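Below is one structure; the comments refer to it alone.
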Amino acid sequence: MALDKSVDMVRRRSLIIGGLAVAGSTVVLTSSVAGQSMQGHDMTAMPDPDRPPLDLDAAPGAHEGGHGRMTTVGNVDLQRNGFDPTAMLTEWDVGTVSTMDDGRTLRTFEVEAIDKEIEIAPGVMFPAWTFNGRVPGPALRAKEGERLRIIFRNYGSHPHSMHFHGIHSWRMDGVPGAGLINPGDEFIYEFDAKPFGCHLYHCHAFPLKRHMHKGMYGAFVIDPDPDLHPDNTDVARSRLFGTPENARWQELVMVMNAFDTNFDNENEFYAVNTIANAYSQKPIHIEKSRPVRIYLVNATEFDPINSFHLHANFFNYFDTGTTLTPTLRTVDLIMQCQAQRGILEFSYADHEAGMYMFHAHQSEFTELGWMGMFDIVEA
């Protein structure tokens, strides 16, 4: 078993270091050792058994830039992609609001299924199925108790649906039996926003693993209504988008995902918000005086668990976000299976300004793109 795993790890690394010839593209991993970059184009290349392995950890400056500078080289064309992982952190789709005859708020969203080739690492293209032309799909945000209406149009090449993690009628569940939406057709999902929390939506067409892996998922957040939670009004108001209490927080939405670029049911790239190493190459700016709240969702296919580890700090965790008191306190690592999600809250107020790492604590995931940095700055 150990030998099989070692061979598997070499095969995965060879795909990346060897160039991963997708649409004629090349990916490069860099190392600080001897100032050299490792690159190639032989998809079958194996290491020389007579040559001792490089010890990245022992090399001078091995940890500069994070984990021995094992990172992609070059830039993804964000304009061609039509989405930016940095902007995604704070982009919320709050729909359009109107008032129903009974006085309740109606919040309407429009979502389209679109086939689209996207770039997931410099030069590496992936044939995605998307919601609104991006992976992950738009981060939908509403308030507890509102009536939600999601107008879904399928412009893709396969039947699709939208399944929301929440409470609703079976007719609105977006699964085979309740109804799949054929190419060119439209369907309107309508239900009440409950329970409050950090949720997700995804396509539930079969084969499910293919529709998930191709990119058909997104965050779905329902903020608590403070009037319904008199024992935790202040906390509820801090989560309610648009309130002064909420404005204090630096809120980020992070969807952990991965990509099987050769379609062998094993991932070659891992990321948060799709682009490998996006937040190591462009660290996330955080004001040290303001608390941080992360809405974390795991949409990774082909691996049973993903994780989030925070360096040099600890956080409180709200599993599924459906409570206003933490389910875990003072932890620095959380594991999530696919579709599991939660809210992380932490602060850098007592830290010195500087660069602080976060990443998956499966080392393989980290080395294949799931690593980032928080750039902690004075206000």
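As shown in the structure tokens, the chain order sets the letters A, B, ...; within each chain, residues go from 1, and ligands are also counted from 1 in the order they appear.
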request  = For Pro138 of chain A, please output as a PyMOL selection string all residues within 9 Å (counting only C-alpha atoms; exclusion window: fewer than 2 positions along the same chain).
outcome  = chain A and resi 88+91-93+111+131-132+134-136+140+217-220
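Running DSSP on the backbone gives alpha helix (DSSP H) for these residues within segment 133-222 of chain A: Leu208, Lys209, Arg210, His211, Met212 and His213 of chain A.
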request  = Check segment 70-220 of chain A with DSSP on the backbone and list each residue it calls strand (DSSP E or B), as a PyMOL selection string.
outcome  = chain A and resi 72+93+96-99+105-121+124-131+134+140-143+147-154+160+163-164+181+186-192+197-202+217-220
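Compared by their closest atoms to Glu190 of chain A, and using only C-alpha atoms, the residues A:Ser289, A:Thr108, A:Thr327, A:Gln79 rank with A:Thr108 nearest.
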query = Which value, in Å to one decimal, gives the distance between atom CA of Ala87 of chain A and atom CA of Ala276 of chain A?
reply = 15.2 Å
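Using only C-alpha atoms, the contacts of Asn75 of chain A at a cut-off of 7 Å, with sequence neighbours closer than 2 positions omitted, comprise Val73, Asp77 and Pro122 of chain A.
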If we count only C-alpha atoms, what is near segment 260-271 of chain A at a cut-off of 7 Å, once residues fewer than 4 positions away on the same chain are taken out, given as a CSV table (one decimal) with all heavy atoms, in the first residue's frame?
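See out16.csv below for the written result:
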chain,number,residue,atom,x,y,z
A,12,ARG,N,1.2,12.0,-9.8
A,12,ARG,CA,0.6,13.3,-9.8
A,12,ARG,C,1.6,14.4,-10.0
A,12,ARG,O,1.3,15.4,-10.7
A,12,ARG,CB,-0.1,13.5,-8.4
A,12,ARG,CG,-1.3,12.5,-8.2
A,12,ARG,CD,-2.2,13.1,-7.1
A,12,ARG,NE,-3.2,12.1,-6.7
A,12,ARG,CZ,-4.2,12.3,-6.0
A,12,ARG,NH1,-4.4,13.6,-5.5
A,12,ARG,NH2,-5.1,11.4,-5.6
A,126,PHE,N,-9.4,24.2,-18.3
A,126,PHE,CA,-10.3,23.1,-17.9
A,126,PHE,C,-11.7,23.4,-18.4
A,126,PHE,O,-12.2,24.5,-18.4
A,126,PHE,CB,-10.4,23.2,-16.3
A,126,PHE,CG,-11.3,22.1,-15.7
A,126,PHE,CD1,-10.8,20.8,-15.6
A,126,PHE,CD2,-12.5,22.4,-15.3
A,126,PHE,CE1,-11.6,19.8,-15.0
A,126,PHE,CE2,-13.4,21.4,-14.7
A,126,PHE,CZ,-12.9,20.1,-14.6
A,256,MET,N,-13.5,25.7,-1.1
A,256,MET,CA,-12.3,24.8,-1.4
A,256,MET,C,-12.7,23.8,-2.5
A,256,MET,O,-13.8,23.2,-2.5
A,256,MET,CB,-12.0,24.0,-0.2
A,256,MET,CG,-11.6,24.8,1.0
A,256,MET,SD,-11.0,23.9,2.5
A,256,MET,CE,-12.5,23.0,3.0
A,275,ILE,N,-8.5,29.0,-8.5
A,275,ILE,CA,-7.1,29.3,-9.1
A,275,ILE,C,-6.1,28.8,-8.1
A,275,ILE,O,-5.9,29.3,-7.0
A,275,ILE,CB,-6.9,30.8,-9.4
A,275,ILE,CG1,-8.1,31.3,-10.2
A,275,ILE,CG2,-5.6,31.0,-10.2
A,275,ILE,CD1,-8.4,30.6,-11.5
A,276,ALA,N,-5.3,27.8,-8.6
A,276,ALA,CA,-4.2,27.3,-7.7
A,276,ALA,C,-3.2,28.4,-7.3
A,276,ALA,O,-2.8,29.2,-8.1
A,276,ALA,CB,-3.5,26.2,-8.5
A,277,ASN,N,-2.9,28.4,-6.0
A,277,ASN,CA,-1.9,29.3,-5.5
A,277,ASN,C,-2.3,30.8,-5.6
A,277,ASN,O,-1.5,31.7,-5.5
A,277,ASN,CB,-0.6,29.1,-6.1
A,277,ASN,CG,0.1,27.8,-5.7
A,277,ASN,OD1,0.1,27.4,-4.6
A,277,ASN,ND2,0.5,27.1,-6.7
A,302,PHE,N,-13.6,13.7,-5.4
A,302,PHE,CA,-12.6,12.7,-5.5
A,302,PHE,C,-11.7,12.6,-4.2
A,302,PHE,O,-10.9,11.7,-4.2
A,302,PHE,CB,-11.7,12.8,-6.7
A,302,PHE,CG,-12.5,12.9,-8.0
A,302,PHE,CD1,-12.3,13.9,-8.9
A,302,PHE,CD2,-13.5,11.9,-8.3
A,302,PHE,CE1,-13.1,14.0,-10.1
A,302,PHE,CE2,-14.2,12.0,-9.5
A,302,PHE,CZ,-14.0,13.0,-10.4
A,365,PHE,N,-2.3,18.4,-0.9
A,365,PHE,CA,-3.1,19.5,-1.4
A,365,PHE,C,-2.4,20.8,-1.4
A,365,PHE,O,-2.5,21.6,-2.3
A,365,PHE,CB,-4.4,19.6,-0.5
A,365,PHE,CG,-5.3,18.4,-0.5
A,365,PHE,CD1,-5.0,17.3,-1.1
A,365,PHE,CD2,-6.5,18.5,0.2
A,365,PHE,CE1,-5.8,16.2,-1.1
A,365,PHE,CE2,-7.4,17.5,0.2
A,365,PHE,CZ,-7.1,16.3,-0.4
A,368,LEU,N,0.0,21.1,-4.2
A,368,LEU,CA,-0.7,21.1,-5.5
A,368,LEU,C,-1.6,22.3,-5.7
A,368,LEU,O,-2.5,22.3,-6.5
A,368,LEU,CB,-1.4,19.8,-5.8
A,368,LEU,CG,-0.6,18.6,-5.9
A,368,LEU,CD1,-1.5,17.3,-6.0
A,368,LEU,CD2,0.4,18.7,-7.1
A,369,GLY,N,-1.4,23.4,-4.9
A,369,GLY,CA,-2.1,24.6,-5.1
A,369,GLY,C,-2.9,25.2,-4.0
A,369,GLY,O,-3.3,26.4,-4.1
A,370,TRP,N,-3.2,24.5,-2.9
A,370,TRP,CA,-4.1,25.0,-1.9
A,370,TRP,C,-3.2,25.5,-0.7
A,370,TRP,O,-3.0,24.9,0.3
A,370,TRP,CB,-5.0,23.8,-1.4
A,370,TRP,CG,-6.1,24.1,-0.4
A,370,TRP,CD1,-7.1,23.2,-0.1
A,370,TRP,CD2,-6.3,25.1,0.6
A,370,TRP,NE1,-7.9,23.7,0.9
A,370,TRP,CE2,-7.4,24.9,1.3
A,370,TRP,CE3,-5.6,26.3,0.8
A,370,TRP,CZ2,-7.9,25.7,2.3
A,370,TRP,CZ3,-6.0,27.2,1.8
A,370,TRP,CH2,-7.2,26.9,2.5
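Between His359 of chain A and the residues A:Asp332, A:Asp173, A:Glu110, A:Asp101, the shortest atom-to-atom distance, using only C-alpha atoms, involves A:Asp332.
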query = Just how far from atom CA of Thr90 of chain A is atom CA of Gly174 of chain A, in Å to one decimal?
reply = 27.1 Å
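Of the residues listed (A:Leu344, A:Ile222, A:Ala258, A:Leu180), A:Leu344 shows the shortest atom-to-atom separation from Ile294 of chain A; distances use only C-alpha atoms.
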query = What's the 8 Å shell around segment 235-239 of chain A, counting only C-alpha atoms, without same-chain residues fewer than 3 positions away, as a PyMOL selection string?
reply = chain A and resi 223-226+229+232+243-249+324
inquiry  = What does the structure give for the distance between atom CA of Pro195 of chain A and atom CA of Lys143 of chain A, in Å to one decimal?
reply    = 9.7 Å
